[in-house]
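*Asks:* Provided below: work.cif, containing mmCIF, C-alpha atoms.
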data_query
loop_
_atom_site.label_atom_id
_atom_site.label_comp_id
_atom_site.auth_asym_id
_atom_site.auth_seq_id
_atom_site.Cartn_x
_atom_site.Cartn_y
_atom_site.Cartn_z
CA MET A 1 2.53 -6.09 30.79
CA GLU A 2 5.20 -4.87 28.39
CA GLU A 3 3.32 -1.71 27.42
CA GLN A 4 3.55 -0.16 30.90
CA GLY A 5 6.37 2.33 31.27
CA PHE A 6 6.30 3.32 27.59
CA PHE A 7 3.50 5.87 27.97
CA TYR A 8 1.19 7.35 30.57
CA ARG A 9 -2.34 6.38 29.60
CA ASP A 10 -4.06 3.03 29.59
CA THR A 11 -4.97 2.86 25.92
CA TRP A 12 -2.72 1.67 23.11
CA ALA A 13 -2.65 -0.03 19.72
CA GLU A 14 -0.41 -2.94 18.83
CA VAL A 15 1.00 -3.63 15.38
CA ASP A 16 2.32 -7.12 14.75
CA LEU A 17 5.20 -6.69 12.30
CA ASP A 18 5.53 -10.46 11.91
CA ARG A 19 2.00 -10.58 10.54
CA ILE A 20 2.73 -7.79 8.06
CA LYS A 21 5.79 -9.70 6.89
CA ALA A 22 3.80 -12.92 6.66
CA ASN A 23 1.15 -11.21 4.54
CA VAL A 24 3.74 -9.72 2.20
CA LYS A 25 5.49 -13.07 1.82
CA ALA A 26 2.22 -14.91 1.19
CA ILE A 27 1.19 -12.44 -1.50
CA ARG A 28 4.71 -12.36 -2.91
CA GLU A 29 4.68 -16.16 -3.26
CA HIS A 30 1.35 -15.96 -5.08
CA LEU A 31 2.84 -13.63 -7.71
CA PRO A 32 5.26 -14.52 -10.51
CA GLU A 33 8.88 -13.90 -9.57
CA ASP A 34 9.29 -11.12 -12.13
CA VAL A 35 6.42 -9.04 -10.73
CA GLU A 36 7.63 -6.23 -8.48
CA PHE A 37 5.88 -5.67 -5.13
CA ILE A 38 5.06 -2.01 -4.40
CA ALA A 39 4.02 -1.62 -0.76
CA VAL A 40 1.43 1.12 -0.25
CA VAL A 41 2.15 2.90 3.04
CA LYS A 42 0.10 6.06 2.58
CA ALA A 43 -1.96 7.52 5.45
CA ASN A 44 0.67 6.45 8.00
CA ALA A 45 0.46 2.94 6.52
CA TYR A 46 -3.30 2.86 6.95
CA GLY A 47 -2.83 3.84 10.60
CA HIS A 48 -0.25 1.13 11.29
CA GLY A 49 2.88 3.31 11.20
CA ASP A 50 4.68 4.41 8.04
CA SER A 51 8.36 3.65 8.59
CA GLN A 52 7.78 0.55 10.69
CA THR A 53 5.47 -0.96 8.08
CA ALA A 54 7.76 0.13 5.25
CA GLU A 55 10.75 -1.58 6.82
CA ALA A 56 8.79 -4.77 7.48
CA ALA A 57 7.45 -4.85 3.91
CA LEU A 58 10.86 -4.24 2.39
CA GLU A 59 12.38 -7.01 4.51
CA ALA A 60 9.63 -9.38 3.36
CA GLY A 61 10.07 -8.79 -0.36
CA ALA A 62 8.73 -5.37 -1.38
CA SER A 63 11.12 -3.39 -3.56
CA MET A 64 9.32 -0.07 -3.74
CA LEU A 65 6.95 2.04 -1.64
CA ALA A 66 3.96 4.20 -2.55
CA VAL A 67 2.37 7.09 -0.68
CA ALA A 68 -0.37 9.62 -1.42
CA PHE A 69 1.46 12.93 -0.95
CA MET A 70 5.00 14.23 -1.03
CA ASP A 71 4.87 15.08 2.67
CA GLU A 72 4.46 11.36 3.40
CA ALA A 73 7.44 10.52 1.20
CA LEU A 74 9.60 13.15 2.89
CA ALA A 75 8.59 11.83 6.32
CA LEU A 76 9.85 8.38 5.30
CA ARG A 77 13.12 9.85 4.04
CA LYS A 78 13.61 11.68 7.36
CA LYS A 79 13.11 8.35 9.15
CA GLY A 80 15.90 6.75 7.14
CA ILE A 81 13.91 4.93 4.44
CA SER A 82 16.07 4.93 1.29
CA ALA A 83 13.97 2.65 -0.95
CA PRO A 84 12.27 4.08 -4.06
CA ILE A 85 9.09 5.96 -3.13
CA LEU A 86 6.33 6.82 -5.57
CA VAL A 87 3.88 9.64 -4.82
CA LEU A 88 0.53 8.52 -6.20
CA GLY A 89 -1.33 11.80 -5.74
CA ALA A 90 -0.95 15.22 -7.29
CA SER A 91 2.16 17.14 -6.20
CA ARG A 92 2.69 20.84 -6.79
CA ALA A 93 4.90 21.48 -9.82
CA GLU A 94 6.65 24.18 -7.77
CA ASP A 95 7.98 21.49 -5.40
CA VAL A 96 9.63 19.34 -8.05
CA ASN A 97 13.18 20.25 -6.98
CA ILE A 98 12.56 18.97 -3.45
CA ALA A 99 11.41 15.65 -4.88
CA ALA A 100 14.48 15.52 -7.10
CA GLU A 101 16.83 16.21 -4.18
CA GLU A 102 15.24 13.45 -2.10
CA GLY A 103 14.99 10.89 -4.91
CA ILE A 104 11.20 10.81 -4.76
CA ILE A 105 9.27 9.62 -7.81
CA LEU A 106 6.37 11.88 -8.80
CA THR A 107 3.21 11.17 -10.76
CA VAL A 108 2.56 13.00 -14.02
CA PHE A 109 -1.19 13.36 -14.39
CA GLN A 110 -1.48 16.28 -16.79
CA GLU A 111 0.59 17.75 -19.66
CA GLU A 112 0.23 21.26 -18.28
CA TRP A 113 1.65 20.08 -14.93
CA LEU A 114 4.69 18.56 -16.62
CA ALA A 115 5.41 21.69 -18.64
CA LYS A 116 5.29 23.79 -15.48
CA ALA A 117 7.50 21.31 -13.60
CA CYS A 118 10.08 21.51 -16.37
CA ASP A 119 10.15 25.29 -16.06
CA VAL A 120 10.77 25.02 -12.33
CA LEU A 121 13.24 22.10 -12.30
CA SER A 122 16.87 23.11 -11.83
CA LYS A 123 19.16 22.69 -14.83
CA ASP A 124 21.39 20.17 -13.09
CA ALA A 125 18.55 18.22 -11.42
CA SER A 126 17.06 14.89 -12.44
CA ILE A 127 13.83 13.24 -11.46
CA SER A 128 11.99 9.97 -12.10
CA LEU A 129 8.35 10.07 -13.12
CA HIS A 130 5.38 7.74 -13.45
CA ILE A 131 2.52 8.63 -15.77
CA LYS A 132 -0.98 8.10 -14.37
CA ILE A 133 -3.66 7.02 -16.85
CA ASP A 134 -7.29 7.66 -15.92
CA THR A 135 -9.09 4.65 -17.38
CA GLY A 136 -12.31 5.22 -15.49
CA MET A 137 -11.58 6.03 -11.86
CA GLY A 138 -12.25 9.69 -12.56
CA ARG A 139 -9.75 11.21 -10.15
CA ILE A 140 -6.48 12.33 -11.75
CA GLY A 141 -4.70 11.07 -14.83
CA ILE A 142 -4.21 11.26 -18.59
CA ARG A 143 -7.40 10.52 -20.50
CA SER A 144 -6.34 10.64 -24.16
CA ALA A 145 -3.69 8.97 -26.31
CA ASP A 146 -2.74 12.35 -27.78
CA GLU A 147 -1.93 13.80 -24.37
CA LEU A 148 0.02 10.67 -23.47
CA LYS A 149 2.10 10.97 -26.64
CA SER A 150 2.79 14.65 -25.92
CA ILE A 151 3.93 13.84 -22.40
CA GLU A 152 6.16 11.02 -23.63
CA LYS A 153 7.74 13.43 -26.12
CA LEU A 154 8.36 16.09 -23.45
CA ILE A 155 10.04 13.56 -21.18
CA LYS A 156 12.13 12.08 -23.98
CA GLU A 157 13.41 15.51 -25.04
CA ASP A 158 14.43 16.61 -21.53
CA SER A 159 17.53 14.87 -20.17
CA ARG A 160 16.55 15.81 -16.62
CA LEU A 161 13.48 13.58 -16.78
CA GLU A 162 13.28 9.80 -16.58
CA LEU A 163 10.09 7.95 -17.46
CA HIS A 164 10.33 5.21 -14.85
CA GLY A 165 6.75 3.94 -14.88
CA ILE A 166 3.16 4.13 -16.03
CA TYR A 167 0.03 3.04 -14.20
CA THR A 168 -3.72 3.19 -13.70
CA HIS A 169 -6.12 2.38 -10.87
CA PHE A 170 -9.19 0.15 -10.92
CA ALA A 171 -12.53 1.27 -9.50
CA THR A 172 -14.16 -2.16 -9.14
CA ALA A 173 -11.37 -4.73 -8.77
CA ASP A 174 -12.82 -5.73 -5.39
CA GLU A 175 -16.19 -6.72 -6.88
CA MET A 176 -17.15 -10.09 -8.36
CA ASP A 177 -18.70 -8.41 -11.41
CA ASP A 178 -15.65 -7.69 -13.56
CA THR A 179 -17.40 -5.90 -16.43
CA TYR A 180 -16.12 -2.41 -15.59
CA PHE A 181 -12.77 -3.81 -14.50
CA LYS A 182 -12.24 -5.38 -17.93
CA ARG A 183 -13.20 -2.12 -19.62
CA GLN A 184 -10.58 -0.24 -17.64
CA LEU A 185 -7.93 -2.90 -18.23
CA SER A 186 -8.60 -2.86 -21.97
CA LYS A 187 -8.29 0.92 -22.10
CA PHE A 188 -5.00 0.80 -20.19
CA LYS A 189 -3.59 -1.78 -22.59
CA ASP A 190 -4.67 0.35 -25.54
CA MET A 191 -2.95 3.38 -24.06
CA LEU A 192 0.25 1.38 -23.58
CA THR A 193 0.36 0.56 -27.29
CA THR A 194 0.54 4.26 -28.18
CA LEU A 195 3.90 4.66 -26.43
CA ASP A 196 7.08 4.51 -28.50
CA LYS A 197 8.65 2.58 -25.63
CA GLN A 198 7.14 1.26 -22.42
CA PRO A 199 8.92 2.36 -19.22
CA PRO A 200 10.60 -0.17 -16.90
CA VAL A 201 7.67 -0.34 -14.46
CA VAL A 202 4.07 -0.93 -15.59
CA HIS A 203 1.47 -1.37 -12.84
CA SER A 204 -2.29 -1.34 -12.54
CA SER A 205 -3.20 -3.81 -9.79
CA ASN A 206 -4.22 -2.88 -6.29
CA SER A 207 -4.56 -5.62 -3.64
CA ALA A 208 -7.75 -7.02 -5.13
CA ALA A 209 -6.47 -7.15 -8.69
CA ALA A 210 -3.07 -8.47 -7.63
CA LEU A 211 -4.72 -11.42 -5.90
CA MET A 212 -7.65 -12.04 -8.23
CA HIS A 213 -6.67 -10.96 -11.76
CA ALA A 214 -3.46 -12.41 -13.18
CA ASP A 215 -3.98 -10.58 -16.49
CA ALA A 216 -3.66 -7.19 -14.80
CA ARG A 217 -0.35 -7.68 -12.99
CA PHE A 218 2.02 -6.50 -15.75
CA ASN A 219 5.47 -6.32 -14.07
CA ALA A 220 4.49 -4.65 -10.78
CA VAL A 221 1.56 -4.54 -8.36
CA ARG A 222 0.58 -2.06 -5.64
CA VAL A 223 -0.48 -3.83 -2.46
CA GLY A 224 -2.08 -1.87 0.34
CA ILE A 225 -4.97 -3.26 2.38
CA ALA A 226 -4.02 -6.94 1.97
CA MET A 227 -0.57 -6.26 3.37
CA TYR A 228 -2.22 -5.34 6.66
CA GLY A 229 -4.18 -8.59 6.73
CA LEU A 230 -7.51 -7.25 5.54
CA ALA A 231 -9.59 -8.35 2.56
CA PRO A 232 -10.12 -5.64 -0.10
CA SER A 233 -13.87 -6.23 0.27
CA MET A 234 -16.17 -8.63 2.05
CA GLU A 235 -17.57 -9.65 -1.34
CA ILE A 236 -14.32 -11.19 -2.53
CA ALA A 237 -12.99 -12.26 0.89
CA PRO A 238 -14.09 -15.92 0.49
CA GLU A 239 -12.34 -16.09 -2.90
CA LEU A 240 -8.92 -14.79 -1.86
CA PRO A 241 -6.14 -17.27 -2.74
CA VAL A 242 -3.98 -16.44 0.30
CA GLU A 243 -4.62 -16.44 4.04
CA LEU A 244 -4.24 -12.99 5.57
CA GLN A 245 -3.46 -12.11 9.20
CA GLU A 246 -4.71 -8.89 10.79
CA ALA A 247 -1.77 -6.91 12.12
CA PHE A 248 -3.59 -4.18 14.06
CA SER A 249 -5.19 -4.51 17.48
CA LEU A 250 -6.52 -1.96 19.98
CA HIS A 251 -6.52 -2.23 23.76
CA SER A 252 -7.37 -0.28 26.88
CA ARG A 253 -7.60 -0.92 30.64
CA LEU A 254 -10.44 -0.54 33.07
CA VAL A 255 -9.53 2.52 35.11
CA HIS A 256 -12.63 2.43 37.29
CA VAL A 257 -15.18 -0.25 38.16
CA LYS A 258 -18.44 0.41 40.02
CA LYS A 259 -21.79 -1.18 40.70
CA LEU A 260 -24.85 0.66 39.40
CA GLU A 261 -28.28 0.05 40.85
CA LYS A 262 -31.37 -0.44 38.75
CA GLY A 263 -32.56 2.91 37.35
CA GLU A 264 -29.19 4.67 37.48
CA LYS A 265 -28.01 6.34 34.27
CA VAL A 266 -24.74 6.54 32.33
CA SER A 267 -22.99 9.26 30.30
CA TYR A 268 -24.08 12.39 28.42
CA GLY A 269 -27.78 12.83 27.88
CA ALA A 270 -28.50 10.11 30.44
CA THR A 271 -29.60 7.94 27.51
CA TYR A 272 -28.68 4.64 29.16
CA GLU A 273 -30.59 3.45 32.22
CA ALA A 274 -29.68 0.26 34.07
CA ALA A 275 -32.53 -2.23 33.84
CA GLU A 276 -31.07 -4.09 36.82
CA ASP A 277 -28.10 -3.88 39.14
CA ILE A 278 -24.97 -4.05 36.94
CA TRP A 279 -21.20 -3.72 37.09
CA VAL A 280 -19.81 -0.92 34.89
CA GLY A 281 -16.23 -0.28 33.87
CA THR A 282 -14.73 2.93 32.49
CA LEU A 283 -12.18 2.85 29.65
CA PRO A 284 -9.91 5.83 28.84
CA ILE A 285 -10.69 5.92 25.13
CA GLY A 286 -13.19 8.07 23.26
CA TYR A 287 -14.04 9.78 20.03
CA ALA A 288 -10.90 11.95 20.11
CA ASP A 289 -9.01 8.67 19.75
CA GLY A 290 -11.11 7.63 16.76
CA TRP A 291 -13.43 5.44 18.86
CA ILE A 292 -16.38 7.45 17.64
CA ARG A 293 -19.83 7.90 19.18
CA ARG A 294 -21.45 5.66 16.60
CA LEU A 295 -19.72 2.70 18.28
CA GLN A 296 -22.13 2.92 21.22
CA GLY A 297 -23.40 -0.63 21.74
CA GLN A 298 -20.31 -2.22 20.20
CA GLU A 299 -18.85 -4.97 22.36
CA VAL A 300 -15.31 -5.10 23.72
CA LEU A 301 -13.56 -8.06 25.30
CA VAL A 302 -13.03 -8.09 29.07
CA ASP A 303 -11.81 -11.24 30.81
CA GLY A 304 -12.46 -13.03 27.53
CA LYS A 305 -16.14 -12.05 27.56
CA ARG A 306 -18.02 -9.67 25.28
CA SER A 307 -19.06 -6.52 27.10
CA PRO A 308 -21.16 -3.83 25.39
CA ILE A 309 -20.41 -0.12 25.44
CA ILE A 310 -23.27 1.62 27.27
CA GLY A 311 -24.24 5.28 27.13
CA ARG A 312 -22.73 7.82 24.80
CA ILE A 313 -19.03 7.60 24.06
CA CYS A 314 -17.26 10.67 25.42
CA MET A 315 -14.28 12.51 23.95
CA ASP A 316 -11.78 10.64 26.12
CA GLN A 317 -13.71 7.86 27.88
CA CYS A 318 -16.45 5.30 27.43
CA MET A 319 -18.27 2.87 29.73
CA VAL A 320 -18.91 -0.84 29.32
CA LYS A 321 -21.36 -3.18 31.01
CA LEU A 322 -19.27 -5.91 32.60
CA PRO A 323 -20.37 -9.56 32.83
CA TYR A 324 -19.57 -9.50 36.56
CA GLU A 325 -17.31 -7.65 38.94
CA VAL A 326 -13.89 -7.27 37.35
CA ARG A 327 -11.02 -5.53 39.05
CA ALA A 328 -9.76 -2.18 37.76
CA GLY A 329 -6.63 -2.60 35.67
CA GLU A 330 -7.95 -5.50 33.60
CA ILE A 331 -7.27 -5.23 29.86
CA ALA A 332 -10.15 -4.55 27.49
CA THR A 333 -9.59 -5.50 23.87
CA LEU A 334 -11.52 -3.33 21.43
CA ILE A 335 -9.97 -4.86 18.31
CA GLY A 336 -8.12 -8.15 18.41
CA GLU A 337 -8.06 -11.44 20.26
CA GLN A 338 -8.65 -12.24 23.92
CA GLY A 339 -9.17 -15.76 25.17
CA GLU A 340 -11.29 -17.59 22.62
CA GLU A 341 -13.02 -14.44 21.38
CA THR A 342 -12.01 -12.12 18.54
CA ILE A 343 -13.25 -8.69 17.50
CA SER A 344 -12.05 -8.09 13.96
CA ILE A 345 -11.63 -4.83 12.12
CA ASN A 346 -14.38 -6.06 9.82
CA GLU A 347 -16.76 -6.29 12.80
CA ILE A 348 -16.05 -2.67 13.68
CA ALA A 349 -16.45 -1.64 10.04
CA ASN A 350 -19.83 -3.37 9.90
CA LYS A 351 -20.94 -1.55 13.03
CA LEU A 352 -19.90 1.75 11.45
CA GLU A 353 -21.43 0.79 8.10
CA THR A 354 -18.14 1.49 6.36
CA ILE A 355 -15.16 -0.42 4.91
CA ASN A 356 -12.31 -1.99 6.89
CA TYR A 357 -9.80 0.48 5.36
CA GLU A 358 -11.32 3.29 7.40
CA VAL A 359 -11.09 1.70 10.83
CA PRO A 360 -7.32 1.70 11.54
CA CYS A 361 -6.99 5.01 9.67
CA ILE A 362 -9.32 6.83 12.08
CA ILE A 363 -7.59 5.64 15.26
CA SER A 364 -5.89 8.92 16.04
CA SER A 365 -2.19 9.57 16.49
CA ARG A 366 -2.64 10.26 20.20
CA VAL A 367 -3.14 6.51 20.68
CA PRO A 368 0.38 5.11 21.19
CA ARG A 369 1.44 2.34 18.82
CA LEU A 370 3.45 -0.61 20.11
CA TYR A 371 5.34 -2.59 17.48
CA LYS A 372 5.82 -6.26 18.19
CA GLN A 373 8.12 -8.82 16.64
CA ASP A 374 8.68 -12.37 17.85
CA GLY A 375 6.12 -11.62 20.56
CA LYS A 376 8.17 -8.76 22.02
CA VAL A 377 7.82 -4.98 21.89
CA VAL A 378 10.54 -3.67 19.60
CA GLU A 379 9.44 -0.06 19.19
CA LEU A 380 7.03 2.54 20.55
CA ASN A 381 5.51 5.44 18.65
CA ASN A 382 3.90 7.98 20.93
CA SER A 383 3.15 11.23 19.09
CA LEU A 384 2.52 13.11 22.36
CA LEU A 385 5.95 12.50 23.89
#
Could you render the structure as structure tokens?
*Replies:*
Amino acid sequence: MEEQGFFYRDTWAEVDLDRIKANVKAIREHLPEDVEFIAVVKANAYGHGDSQTAEAALEAGASMLAVAFMDEALALRKKGISAPILVLGASRAEDVNIAAEEGIILTVFQEEWLAKACDVLSKDASISLHIKIDTGMGRIGIRSADELKSIEKLIKEDSRLELHGIYTHFATADEMDDTYFKRQLSKFKDMLTTLDKQPPVVHSSNSAAALMHADARFNAVRVGIAMYGLAPSMEIAPELPVELQEAFSLHSRLVHVKKLEKGEKVSYGATYEAAEDIWVGTLPIGYADGWIRRLQGQEVLVDGKRSPIIGRICMDQCMVKLPYEVRAGEIATLIGEQGEETISINEIANKLETINYEVPCIISSRVPRLYKQDGKVVELNNSLL
């Protein structure tokens, strides 16, 4: 296997860059040509790898990137990403000069923040800004037309500042009931009319709105979860107008195989007892890798067959009940395809009673990532080496 020799444990994740590109292109083709594609690569690109995903998205048609915090933007700059990067979250006003030096676009979410940033910003510096409007998400953002007008005036009167964009975020775009969505959209449109001049970039749509609500696209959309091949919610999944391909998969190898006799027990607490003679395999992955204890009972794929995790998941290992004797060294697929079987991220999310966004995000950085293109490994990211 190609992964051997890149790292020294038998657990790894694979990220298919071709699938990320295919998703971006499919969504891009669904949008009008004049709508800009902002690729959201926050949280290490939802666990997929920030710079690798960013490069793939940019190659496939994205023209701008978005992250949550300035640290994430700086990490991309250090890795050679020169495209425009918008920080969606709150940055410290004291750090505005660093953003200016690195060409990072910051979000203005409060008049007081902007006034403080202006006091800190060097006289010869310049910085691009996007104004965040809180239309009902309730996190950060401008809530009144008066404050918006004051901020616009401050920016207009300071030659160091450029108003590059304005945006909001929808709370329920991934639900079929669009009542609250329409209320937010209407409020955003009303706020736009109070501006003397709209900035070059106006965006409100996340993945769900970009795919499902043409009236909310304006001239840019922010695409996150759909870029990775995942539906924004199971509720709207059947209605999506494009076919998405999951880019993330997770694999391990059986490091030990043994036969247990009826009555023998497995793992901490001795909570699992063999009801008959069974074959058991050990996998070197556990809750420290993000494969958390609640996944006890979840199936993995071994030799193309579903094999359940038995006993409590340990920090670094877990055990599976094998369908029959399988030699040590065989690959176990925890997320992805093997033979005719598939374990999707949505299946894992359902087991955890959470959303698919969370699953790749919680697979920890100590799990090496292999990046594949044209069926070949093109890059390895191993945070431990």
*Asks:* Could I get the residues of range 9-32 of chain A with an atom no further than 12 Å from an atom of range 303-324 of chain A, each paired with its nearest atom pair and that distance in Å to one decimal, using all atoms listed in the file, sorted by chain and residue number, as CSV?
*Replies:*
residue,atom,partner,partner_atom,distance
A:Arg9,CA,A:Asp316,CA,10.9
A:Asp10,CA,A:Gln317,CA,10.9
A:Thr11,CA,A:Gln317,CA,10.3
*Asks:* Apply the PyMOL selection byres ((chain A and resi 127-144) around 7) to the displayed file and report the matching residues as a VMD selection string.
*Replies:* chain A and resid 100 105 to 110 125 to 126 145 to 148 160 to 171 184 187 to 188
*Asks:* For Glu55 in chain A, work out the shell of residues within 10 Å, counting only C-alpha atoms and skipping chain neighbours fewer than 2 positions away, then give it as JSON, numbers by chain.
*Replies:* {"A": [17, 21, 50, 51, 52, 53, 57, 58, 59, 60, 62, 65, 80, 81, 83]}
*Asks:* Keeping only C-alpha atoms, take the residues you just selected and write them out as a PDB file, in the frame of the given file.
*Replies:*
ATOM      1  CA  LEU A  17       5.200  -6.690  12.300  1.00  0.00           C
ATOM      2  CA  LYS A  21       5.790  -9.700   6.890  1.00  0.00           C
ATOM      3  CA  ASP A  50       4.680   4.410   8.040  1.00  0.00           C
ATOM      4  CA  SER A  51       8.360   3.650   8.590  1.00  0.00           C
ATOM      5  CA  GLN A  52       7.780   0.550  10.690  1.00  0.00           C
ATOM      6  CA  THR A  53       5.470  -0.960   8.080  1.00  0.00           C
ATOM      7  CA  ALA A  57       7.450  -4.850   3.910  1.00  0.00           C
ATOM      8  CA  LEU A  58      10.860  -4.240   2.390  1.00  0.00           C
ATOM      9  CA  GLU A  59      12.380  -7.010   4.510  1.00  0.00           C
ATOM     10  CA  ALA A  60       9.630  -9.380   3.360  1.00  0.00           C
ATOM     11  CA  ALA A  62       8.730  -5.370  -1.380  1.00  0.00           C
ATOM     12  CA  LEU A  65       6.950   2.040  -1.640  1.00  0.00           C
ATOM     13  CA  GLY A  80      15.900   6.750   7.140  1.00  0.00           C
ATOM     14  CA  ILE A  81      13.910   4.930   4.440  1.00  0.00           C
ATOM     15  CA  ALA A  83      13.970   2.650  -0.950  1.00  0.00           C
TER      16      ALA A  83
END
*Asks:* Could you tell me, as a list in words, exactly which residues end up selected when the PyMOL selection byres ((chain A and resi 223) around 7) is applied to this structure?
*Replies:*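 Taken over the shown coordinates, the PyMOL selection byres ((chain A and resi 223) around 7) returns Ile38, Ala39, Val40, Asn206, Ser207, Val221, Arg222, Gly224, Ile225, Ala226 and Met227 of chain A.
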*Asks:* Tell me, in Å to one decimal, how far CA of Lys182 in chain A is from CA of Val202 in chain A.
*Replies:* 17.1 Å
*Asks:* Could you give me, as a PyMOL selection string, the residues within 7 Å of Asp277 in chain A, counting all atoms listed in the file and dropping anything in the same chain fewer than 4 positions from it?
*Replies:* chain A and resi 260-262
*Asks:* Evaluated on this file, the PyMOL selection byres ((chain A and resi 381) around 7) picks out some residues - which ones are they, written as a ChimeraX atom specification?
*Replies:* /A:368-370,379-380,382-383
*Asks:* Write out, as a PDB file, keeping the file's coordinate frame, the residues just selected, with C-alpha atoms.
*Replies:*
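Saved result, selection_26.pdb, follows:
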ATOM      1  CA  PRO A 368       0.380   5.110  21.190  1.00  0.00           C
ATOM      2  CA  ARG A 369       1.440   2.340  18.820  1.00  0.00           C
ATOM      3  CA  LEU A 370       3.450  -0.610  20.110  1.00  0.00           C
ATOM      4  CA  GLU A 379       9.440  -0.060  19.190  1.00  0.00           C
ATOM      5  CA  LEU A 380       7.030   2.540  20.550  1.00  0.00           C
ATOM      6  CA  ASN A 382       3.900   7.980  20.930  1.00  0.00           C
ATOM      7  CA  SER A 383       3.150  11.230  19.090  1.00  0.00           C
TER       8      SER A 383
END
*Asks:* Which value, in Å to one decimal, gives the distance between CA of Thr271 in chain A and CA of Val302 in chain A?
*Replies:*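 Atom-to-atom, CA of Thr271 in chain A to CA of Val302 in chain A, that is 23.1 Å.
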*Asks:* Given only C-alpha atoms as the basis, pick out the residue of A:Met191, A:Ala66, A:Ile236, A:Leu283 nearest to Ala45 in chain A.
*Replies:*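 Smallest separation from Ala45 in chain A among the options: A:Ala66.
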*Asks:* Within 7 Å of Glu246 in chain A, counting only C-alpha atoms, which residues show up once you throw out same-chain ones fewer than 2 positions away? Write them as a count of residues only, please.
*Replies:* 6
*Asks:* Smallest atom-to-atom distance to Leu240 in chain A: which of A:Asp178, A:Tyr287, A:Lys259, A:Ala210, using all atoms listed in the file?
*Replies:*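 Smallest separation from Leu240 in chain A among the options: A:Ala210.
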*Asks:* May I ask for the distance between CA of Lys153 in chain A and CA of Glu111 in chain A, given in Å to one decimal place?
*Replies:*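 Computing it gives 10.6 Å between the two atoms.
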*Asks:* Residues at most 7 Å from range 326-330 of chain A, counting all atoms listed in the file, excluding those fewer than 4 positions away in the same chain, as a compact mmCIF listing (two decimals) with C-alpha atoms, keeping the file's coordinate frame?
*Replies:*
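This went into part-v5.txt:
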# COMPACT_ATOMS: atom_id res chain seq x y z
CA ARG A 253 -7.60 -0.92 30.64
CA LEU A 254 -10.44 -0.54 33.07
CA VAL A 255 -9.53 2.52 35.11
CA HIS A 256 -12.63 2.43 37.29
CA VAL A 257 -15.18 -0.25 38.16
*Asks:* Have a look at A:Thr172, A:Gln245, A:Ser186, A:Ser150 and name the one nearest to Met212 in chain A; count all atoms listed in the file.
*Replies:*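 Smallest separation from Met212 in chain A among the options: A:Thr172.
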*Asks:* Return the single residue from A:Ala43, A:Val96, A:Ala115, A:Ala216 that is closest to Ile155 in chain A, with distances computed using all atoms listed in the file.
*Replies:* A:Ala115
*Asks:* In the coordinates of the file, take the point (0.9, -11.9, 1.0) and a cut-off of 8 Å; then, counting all atoms listed in the file, name each qualifying protein, DNA or RNA residue as an mmCIF file with C-alpha atoms, in the frame of the given file.
*Replies:*
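Generated output (part14.cif):
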data_model
loop_
_atom_site.group_PDB
_atom_site.id
_atom_site.type_symbol
_atom_site.label_atom_id
_atom_site.label_comp_id
_atom_site.auth_asym_id
_atom_site.auth_seq_id
_atom_site.Cartn_x
_atom_site.Cartn_y
_atom_site.Cartn_z
ATOM 1 C CA LYS A 21 5.790 -9.700 6.890
ATOM 2 C CA ALA A 22 3.800 -12.920 6.660
ATOM 3 C CA ASN A 23 1.150 -11.210 4.540
ATOM 4 C CA VAL A 24 3.740 -9.720 2.200
ATOM 5 C CA LYS A 25 5.490 -13.070 1.820
ATOM 6 C CA ALA A 26 2.220 -14.910 1.190
ATOM 7 C CA ILE A 27 1.190 -12.440 -1.500
ATOM 8 C CA ARG A 28 4.710 -12.360 -2.910
ATOM 9 C CA GLU A 29 4.680 -16.160 -3.260
ATOM 10 C CA HIS A 30 1.350 -15.960 -5.080
ATOM 11 C CA ALA A 226 -4.020 -6.940 1.970
ATOM 12 C CA MET A 227 -0.570 -6.260 3.370
ATOM 13 C CA VAL A 242 -3.980 -16.440 0.300
ATOM 14 C CA GLU A 243 -4.620 -16.440 4.040
ATOM 15 C CA LEU A 244 -4.240 -12.990 5.570
#
